[in-house]
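S.K.: This is the structure I want to talk about, given as structure tokens.
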Amino acid sequence: MSPVRLPDPEQLAERIRRGERAAVASGLNLLDNKLDEARQGAARLLAALAGEHGLSAGHLIGITGPPGAGKSSLLAAMIRKWRQSERTVGVLAVDPSSRPEAGGGALLGDRIRIKNTAHDEGLFIRSLANRSQLGGVASEVWPMSWLMLACFDIVVIETVGVGQTEIDIAEIGDTVCYVAQPASGDTIQYLKSGIIEIPDIFAVNKADLGAPARKTAGELTRASSRQDRRADWDYPVCLVSANDHSGIQPLLAHVDRHRRFLIDGGLFDELRARHQRAWVVRLLKDEFGTFGLGLLGGAAGVDAWLQARPSNQFAGYVQLRKHILSKFLSANHQSSLTTKEHVNEQAIV
Amino acid sequence: MAYVQNKRDQPWLIRTYSGHSSAKASNTLYRTNLAKGQTGLSVAFDLPTQTGYDADSPLAKGEVGKVGVPISHIEDMDQLFDQIPLDQMNTSMTINATAAWLLSLYIALAQRRGIDPGKLNGTTQNDIIKEYLSRGTYIYPPGPSMRLIADTINYTVKHVPKWNPTNVCSYHLQEAGATPVQELAYALCTAMAVLDRVKASGEIGAADFPQVVERISFFVNAGIRFVEECCKMRAFAEMWDQLTLSRYQVNDPKMRRFRYGVQVNSLGLTEAQPENNVQRIVLEMLAVVLSKRARARAIQLPAWNEAMGLPRPWDQQWALRIQQVMAFETDLLEYGDLLDGSPVVAAKVAELIDGARREIANVEAQGGIIAAIESGYIKRELVQSHMNRLRAIEAGDLQIIGVNCFRETAESPLTQGSDGGIMKTDPAAEREQIERLQAHRRQRNDHEVQAALQGLVDVAKSSDNIMPASIRCALAGVTTGEWGDTLRGVFGEFRPPTGIDIAIDSRELLGKKDQVAQLRENVASTGNSLGRPLKLLVGKPGLDGHSNGAEQVAVKARDVGFEVVYDGIRLTPQQIAQAAQEEGVHVVGLSILSGSHLELVEAVLAEMRARDLAEVPVIAGGIIPKEDADRLTALGVRAVYTPKDFSLNAIMADIINVVRDSHGLARLPTPQ
Ligand code: B12
Ligand SMILES: Nc1nc2c(ncn2[C@@H]2O[C@H](COP(=O)(O)OP(=O)(O)OP(=O)(O)O)[C@@H](O)[C@H]2O)c(=O)[nH]1
Ligand SMILES: [Mg+2]
């Protein structure tokens, strides 16, 4: 018998959509759970949540930047404003302090910085250790952020920006906001690294420090204006201070404006669908490895398969997962997917 | 040179830190203590008073009159000093975030009694900086806190010249684990920050500034390594002398004297074989009286039952008599300085000064003590030092008699009484205080109160001195909660870094290496059985600021592989239950040392039940008497830990099993 009592995924999805906090918590626990039965339940939960209601609700925002730039403090200030306008907020705080090689333990310390009001039913914060050995965002983050989107108006993911993380966060968020630390080598480093391609909005925090913040904002403005990813987006650079709450309102206006920009340009659904496909691939690879993915024709095969069924990617995920499992179980089973996949399978075996 | 003096020196001020239940009960206690030969008063306030809440605030629930006296308004202050002549008394008040307020009440009371405030003599602790690092009764952000300190200094130097407006504290730093070098460095950094702030306020001209410097006194700790501690006092005196001369140009050597009061170390006082604490206290006291050149001005001693709970009058009397024996029976006060000329002492002093100078330079390079508090640097250093201490005890490298060695003992007659050997505060005190407060609110002139509070708001928003407006509030009958909330409205509130995010780079530091390795395996395998890594919430409900235990449990749990959520002190049961839910933890550990464990644990359990979390196991630790531990277990708490459980590894092994039990998994043996 399992030591963990698992909830019924479809019922749970109902309760989550109604915004029951206990259900949200237990849904997140389920998505985090690596037991076999739980993985199945998690896939069903996601499928049930995505359901008919499509992929275009809410706003998924990634906040990244160097350690100590003030991401959590800034987020606290943003949350205060969002809550004043009665928008509900879910937060996934991915803490960097964990080091898997030293026993796997982690201190999850972001809550204290993000939470500024005494008690608020419209704000939900889950901290996550960064358990991934290779850098980048832990693979639990993506499904969890989708669960939160089913019941909060705004979902924010806070992560420390270090190379791979940025790329990952860009594959989750509708809008990515980079929080810069004034007068630190990080920004220079950052400008050189090419990751500047990723953020949609730059917030130079600690504007209360004066000149150094303005200088960093200047550098970022010069660099970001050279970007030409999406011709019509202007990559704004904002000066903000989490300490004295200055510049928060304009920053939030840019955040909202970016979502509208995506929707007006017909980019939003496409972006989310693309993100989802990428993560389905990643989840399958996490669970079954290159070999498992190979059984489905590799990343490209999965992507193509999902593109052909754009309605509910999570339902697709459930199906693909089952498919791999059944293949593992009967090694000689004939492929029912594509021929390309068949070739790969032979190549690996 | 006369080594033997023809006249005995005057002894230091002899005090006992006390106060409980109500102003009336505390007044009785003070008058008894004075009759027993105590020469000054040292007031302990309850936590609501220290954190600026009224007795009927929801946040004060369970804490009113517990660890000190509740003072909500001027009538309480009047009752506390009933039949005590203010102009003849030397009163020390352990009050910080609300120091400006309590001092205002004291001054207002003097005025009402027709006493010239210029004659008042005493001390307000009023070192809010160390509250962020150790003591935990902060309210406002560092900027406004520094301003409150500066305002009280500026005011008293002019109007209450015999008052010690601030007592820069290193005592509490040692109680949070600081080494002697850290105590020296951070206390002196604090003193500099305070003096610089007063200077910058410009209220006192350069010519009078030495008077400000002279009013700065210190509150220092003395631990069991009494030779080193004695040298630390000499180092303090030497460094202060140099610093006040070079940095503040105080030319009169008398004004550069390092004046300090002492409470001896309590962190090292044990629950096991508590009678041994008496020896510890005597030796610790020796450190601060032995050297005439660096002798304490005022001393208060803890009692033998320090680690068990609050002292009873008899326990306090015993502590008082220790001081009297030292002062009046021994020949200590007949000689000049006993240590002058000792090369051993000189070398040790030089070593301490050298270390402290380096750490001061380090803090200054980070922008001074406030910046180093905001960044979390100093708090992390303290957590690290305390961790080193506990790991040494656990490993047996630091011997604590009766705890990790020489544990065999005959049954102690001291702890056999029906009261369990500790003071029980009056359970009706909270209700009575609330009634008294509400009656007071009905009697006062609302118009005057509103006008006085508006005056306070205006001054708080300006750069004028906060004291006159606060004294006006005191006279109008404003309450402690109203004063606190009014300034919260203007200044905002603050939560400092918890400091537990220390980097542990040495395996040696992890305690017993093989035990830790085994614990990690147990945590990992239990996590695997449950499908996700074990997650622990360490919670500090209520106003209790004792964070040491929570911090060390959190750090250790991280080391053995738990994912740990710890949001710092002073959270409501509701906030803790909500965090437990949002974070999806496997176990909730509460740490409570203020004596309010029954009320608070029950409240947390109720909040958890209301959130479908009845099945998440709850454990508790702190100063929890045996009979209360049994009551907590009956309420559903799975395990209770007290200072006797000094092995954090053993506690971790136990927590893993609590989680396993609650999921029907077989228990794992404690690693040896
Ligand atoms: C150190 C100390 C302080 C320091 C605290 C520094 C800090 N940041 O923690 C300072 C000097 C600031 C302080 C101040 C006060 N103190 Co004090 N303090 C102590 C002292 C001496 C030691 C406590 C300690 O830190 N021990 C070391 C840690 C590691 O041990 P621990 O917390 O007990 O934890 C162990 C176990 O209990 C258990 N545990 C504890 N919590 C948890 C949690 C979990 C999840 C688990 C698994 C285990 C666990 O595991 C730990 C390992 O062994 C005790 C007396 C004593 N000797 O115990 C008094 C004591 C707790 N203080 C007391 C009082 C009254 C105060 C004040 C309120 C006085 C006042 N009126 O102002 C102030 C105000 C503090 C505040 N804001 O609340 C009283 C409480 C009385 C009561 N309960 O009835 C005590 C008992 C002293 C006394 N006899 O009067 N104090
Ligand atoms: N002066 C100033 N300091 C700030 C501001 N915002 C945050 N800080 C300080 O910067 C430090 C880091 O703040 P956090 O909000 O924890 O930063 P973070 O980027 O979330 O940090 P990590 O999650 O640890 O990477 C804290 O000491 C804050 O007090 C600001 O606007 N001005
Ligand atoms: Mg953060």
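Chains: A, B, ... in order of the structure tokens. Residues: from 1 per chain. Ligands: from 1, in order shown.
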Around ligand 2, out to 6 Å and counting only C-alpha atoms and all ligand atoms, which residues are there? I want them as a PyMOL selection string.
M.R.: (chain A and resi 67-73+110+113+160+205-206+208-209+241-243) or (chain B and resi 374-375)
S.K.: Counting only C-alpha atoms and all ligand atoms, what are the residues, protein, DNA or RNA alike, that approach ligand 1 to within 6 Å? I want them as an MDAnalysis selection string.
M.R.: chainID B and resid 44:46 67:68 134:137 172 175:176 266:267 269:270 306:311 538 544:550 589:591 593:595 620:623 641:643 645:646 648
S.K.: Compute the set of chain A residues within 7 Å of chain B, using only C-alpha atoms, and express it as a ChimeraX atom specification.
M.R.: /A:3-4,22,25,29,32-35,103-109,111-112,119,124-127
S.K.: Report the residues of segment 129-318 of chain B whose backbone DSSP state falls under strand (DSSP E or B), written as number ranges by chain.
M.R.: B: 163-164, 167-169, 217-220, 260-263, 298-300
S.K.: Would you output that residue set with all heavy atoms, as a tab-separated table (two decimals), in the first residue's frame?
M.R.:
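Final file, part_31.tsv:
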chain	number	residue	atom	x	y	z
B	163	TRP	N	20.29	60.61	32.99
B	163	TRP	CA	19.74	59.40	32.38
B	163	TRP	C	20.74	58.79	31.39
B	163	TRP	O	21.44	59.52	30.69
B	163	TRP	CB	18.44	59.74	31.64
B	163	TRP	CG	17.63	58.52	31.35
B	163	TRP	CD1	17.60	57.83	30.19
B	163	TRP	CD2	16.77	57.83	32.26
B	163	TRP	NE1	16.76	56.75	30.30
B	163	TRP	CE2	16.24	56.73	31.57
B	163	TRP	CE3	16.40	58.04	33.60
B	163	TRP	CZ2	15.35	55.83	32.17
B	163	TRP	CZ3	15.51	57.17	34.18
B	163	TRP	CH2	14.99	56.07	33.48
B	164	ASN	N	20.81	57.46	31.35
B	164	ASN	CA	21.56	56.78	30.31
B	164	ASN	C	20.57	56.42	29.21
B	164	ASN	O	19.84	55.45	29.33
B	164	ASN	CB	22.20	55.50	30.83
B	164	ASN	CG	23.20	55.78	31.93
B	164	ASN	OD1	24.16	56.51	31.72
B	164	ASN	ND2	22.97	55.21	33.10
B	167	ASN	N	21.85	51.90	26.01
B	167	ASN	CA	22.77	50.94	26.55
B	167	ASN	C	23.18	50.06	25.38
B	167	ASN	O	22.42	49.18	24.99
B	167	ASN	CB	21.96	50.09	27.53
B	167	ASN	CG	22.67	49.81	28.83
B	167	ASN	OD1	22.39	48.82	29.45
B	167	ASN	ND2	23.58	50.65	29.22
B	168	VAL	N	24.32	50.35	24.80
B	168	VAL	CA	24.72	49.54	23.64
B	168	VAL	C	24.98	48.11	24.13
B	168	VAL	O	25.73	47.89	25.07
B	168	VAL	CB	25.98	50.13	22.99
B	168	VAL	CG1	26.50	49.20	21.90
B	168	VAL	CG2	25.69	51.52	22.44
B	169	CYS	N	24.33	47.15	23.48
B	169	CYS	CA	24.31	45.80	24.04
B	169	CYS	C	25.16	44.81	23.27
B	169	CYS	O	24.95	44.59	22.08
B	169	CYS	CB	22.88	45.26	24.03
B	169	CYS	SG	21.76	46.20	25.06
B	217	SER	N	26.40	54.15	27.47
B	217	SER	CA	26.87	53.07	28.32
B	217	SER	C	26.63	51.75	27.61
B	217	SER	O	25.98	51.71	26.57
B	217	SER	CB	26.15	53.11	29.66
B	217	SER	OG	24.75	53.04	29.46
B	218	PHE	N	27.15	50.69	28.18
B	218	PHE	CA	27.10	49.39	27.50
B	218	PHE	C	26.46	48.33	28.40
B	218	PHE	O	26.45	48.46	29.62
B	218	PHE	CB	28.52	48.95	27.11
B	218	PHE	CG	29.10	49.77	25.99
B	218	PHE	CD1	29.59	51.05	26.23
B	218	PHE	CD2	29.14	49.28	24.69
B	218	PHE	CE1	30.11	51.82	25.20
B	218	PHE	CE2	29.67	50.03	23.66
B	218	PHE	CZ	30.16	51.31	23.91
B	219	PHE	N	25.95	47.29	27.75
B	219	PHE	CA	25.39	46.17	28.48
B	219	PHE	C	26.05	44.91	27.92
B	219	PHE	O	25.86	44.56	26.76
B	219	PHE	CB	23.88	46.12	28.30
B	219	PHE	CG	23.19	45.05	29.09
B	219	PHE	CD1	23.37	44.95	30.47
B	219	PHE	CD2	22.34	44.15	28.48
B	219	PHE	CE1	22.72	43.96	31.20
B	219	PHE	CE2	21.69	43.15	29.21
B	219	PHE	CZ	21.89	43.06	30.57
B	220	VAL	N	26.85	44.29	28.76
B	220	VAL	CA	27.80	43.30	28.28
B	220	VAL	C	27.51	41.93	28.89
B	220	VAL	O	26.87	41.83	29.94
B	220	VAL	CB	29.23	43.78	28.62
B	220	VAL	CG1	30.28	42.82	28.13
B	220	VAL	CG2	29.48	45.15	28.00
B	260	TYR	N	29.78	50.17	31.95
B	260	TYR	CA	28.94	49.05	31.51
B	260	TYR	C	28.23	48.33	32.64
B	260	TYR	O	28.69	48.30	33.78
B	260	TYR	CB	29.77	48.07	30.68
B	260	TYR	CG	30.75	47.22	31.47
B	260	TYR	CD1	30.43	45.89	31.79
B	260	TYR	CD2	31.99	47.70	31.85
B	260	TYR	CE1	31.33	45.09	32.48
B	260	TYR	CE2	32.90	46.90	32.55
B	260	TYR	CZ	32.56	45.60	32.86
B	260	TYR	OH	33.44	44.80	33.54
B	261	GLY	N	27.08	47.78	32.29
B	261	GLY	CA	26.35	46.90	33.18
B	261	GLY	C	26.44	45.49	32.63
B	261	GLY	O	26.80	45.29	31.47
B	262	VAL	N	26.11	44.53	33.48
B	262	VAL	CA	26.28	43.14	33.07
B	262	VAL	C	25.10	42.28	33.49
B	262	VAL	O	24.51	42.47	34.56
B	262	VAL	CB	27.54	42.54	33.72
B	262	VAL	CG1	27.60	41.03	33.53
B	262	VAL	CG2	28.79	43.16	33.14
B	263	GLN	N	24.78	41.36	32.60
B	263	GLN	CA	24.00	40.20	33.00
B	263	GLN	C	24.89	39.06	32.58
B	263	GLN	O	25.38	39.04	31.46
B	263	GLN	CB	22.66	40.19	32.26
B	263	GLN	CG	22.02	38.83	32.08
B	263	GLN	CD	20.81	38.61	32.98
B	263	GLN	OE1	20.31	39.51	33.62
B	263	GLN	NE2	20.36	37.37	33.03
B	298	ALA	N	27.04	47.96	37.10
B	298	ALA	CA	25.77	47.40	37.57
B	298	ALA	C	25.73	45.94	37.14
B	298	ALA	O	26.20	45.60	36.06
B	298	ALA	CB	24.59	48.15	36.95
B	299	ILE	N	25.20	45.12	38.03
B	299	ILE	CA	25.16	43.70	37.71
B	299	ILE	C	23.79	43.13	38.04
B	299	ILE	O	23.17	43.50	39.04
B	299	ILE	CB	26.24	42.92	38.50
B	299	ILE	CG1	27.64	43.40	38.06
B	299	ILE	CG2	26.13	41.40	38.25
B	299	ILE	CD1	28.78	42.73	38.80
B	300	GLN	N	23.31	42.26	37.16
B	300	GLN	CA	22.13	41.45	37.50
B	300	GLN	C	22.47	40.02	37.12
B	300	GLN	O	23.11	39.76	36.10
B	300	GLN	CB	20.88	41.97	36.80
B	300	GLN	CG	20.99	42.10	35.29
B	300	GLN	CD	19.87	42.93	34.69
B	300	GLN	OE1	19.38	43.90	35.29
B	300	GLN	NE2	19.44	42.55	33.50
S.K.: Name the residues in contact with segment 312-329 of chain B at a cut-off of 7 Å, using only C-alpha atoms, excluding same-chain residues fewer than 6 positions from it; report them as a PyMOL selection string.
M.R.: chain B and resi 11+16+301-303+422-423
S.K.: Write the residues of the selection above to a file with all heavy atoms, as a short mmCIF file (atom, residue, chain, number, x, y, z; two decimals), in the first residue's frame.
M.R.:
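out.cif, freshly written:
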data_model
loop_
_atom_site.label_atom_id
_atom_site.label_comp_id
_atom_site.auth_asym_id
_atom_site.auth_seq_id
_atom_site.Cartn_x
_atom_site.Cartn_y
_atom_site.Cartn_z
N PRO B 11 30.63 49.19 45.96
CA PRO B 11 30.24 48.12 45.04
C PRO B 11 29.41 48.68 43.89
O PRO B 11 28.93 49.80 43.94
CB PRO B 11 29.42 47.17 45.90
CG PRO B 11 28.96 47.97 47.06
CD PRO B 11 29.92 49.11 47.24
N THR B 16 18.16 43.01 40.27
CA THR B 16 17.59 41.75 39.79
C THR B 16 16.61 42.13 38.69
O THR B 16 15.79 43.03 38.87
CB THR B 16 16.79 41.02 40.89
OG1 THR B 16 17.38 41.32 42.14
CG2 THR B 16 16.78 39.54 40.66
N LEU B 301 22.09 39.09 37.98
CA LEU B 301 22.45 37.69 37.75
C LEU B 301 21.19 36.88 37.46
O LEU B 301 20.14 37.12 38.04
CB LEU B 301 23.15 37.11 38.98
CG LEU B 301 24.47 37.76 39.38
CD1 LEU B 301 25.04 37.07 40.63
CD2 LEU B 301 25.49 37.69 38.24
N PRO B 302 21.34 35.89 36.58
CA PRO B 302 20.23 34.97 36.38
C PRO B 302 20.15 34.02 37.58
O PRO B 302 21.02 34.02 38.44
CB PRO B 302 20.62 34.20 35.12
CG PRO B 302 22.10 34.30 35.05
CD PRO B 302 22.50 35.56 35.76
N ALA B 303 19.12 33.20 37.62
CA ALA B 303 18.95 32.28 38.73
C ALA B 303 19.33 30.86 38.32
O ALA B 303 19.48 30.57 37.13
CB ALA B 303 17.50 32.31 39.21
N ILE B 422 9.69 26.40 39.49
CA ILE B 422 9.66 27.65 38.71
C ILE B 422 8.47 28.51 39.11
O ILE B 422 7.55 28.08 39.76
CB ILE B 422 9.60 27.41 37.19
CG1 ILE B 422 8.42 26.47 36.85
CG2 ILE B 422 10.91 26.87 36.66
CD1 ILE B 422 8.16 26.34 35.37
N MET B 423 8.54 29.76 38.66
CA MET B 423 7.49 30.74 38.91
C MET B 423 6.34 30.53 37.93
O MET B 423 6.55 30.41 36.73
CB MET B 423 8.11 32.12 38.70
CG MET B 423 7.13 33.23 38.63
SD MET B 423 6.86 33.84 40.29
CE MET B 423 5.75 35.17 39.92
#
S.K.: DSSP says alpha helix (DSSP H) for which residues of segment 112-320 of chain B? Put them as a PyMOL selection string?
M.R.: chain B and resi 112+129-130+142-159+171-175+180-201+209-215+226-248+276-289+313-320
S.K.: Show me, as a ChimeraX atom specification, the residues that have an atom within 12 Å of segment 18-20 of chain A when counting only C-alpha atoms, minus same-chain residues fewer than 5 positions from it.
M.R.: /A:11-13,25-27,49,88-90,121-124,147-153 /B:581-582,611-612
S.K.: Pick out the residues sitting within 12 Å of Val281 of chain A, and hand them over as JSON, numbers by chain; count only C-alpha atoms, and ignore anything fewer than 3 positions along from it in its own chain.
M.R.: {"A": [139, 142, 171, 274, 275, 276, 277, 278, 284, 285, 286, 287, 288, 289, 290, 292, 293, 294, 296, 297, 298, 299, 300, 301, 302, 303, 304, 305, 306, 313, 314, 316, 317, 320, 321]}
S.K.: Select, from A:Ala23, A:Gln307, A:Arg44, A:Gly161, the residue with the minimum atom-to-atom distance to ligand 3, counting only C-alpha atoms and all ligand atoms.
M.R.: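 Once distances to ligand 3 are computed over only C-alpha atoms and all ligand atoms, the minimum belongs to A:Gly161.
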S.K.: From the list A:Val179, A:Val137, A:Ala170, A:Val280, which residue is nearest ligand 3 when using only C-alpha atoms and all ligand atoms?
M.R.: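 With only C-alpha atoms and all ligand atoms as the atom set, the closest residue is A:Val179.
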S.K.: Between atom CA of Asn90 of chain B and atom CA of Trp483 of chain B, what is the spacing in Å?
M.R.: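 Going from atom CA of Trp483 of chain B over to atom CA of Asn90 of chain B covers 25.5 Å.
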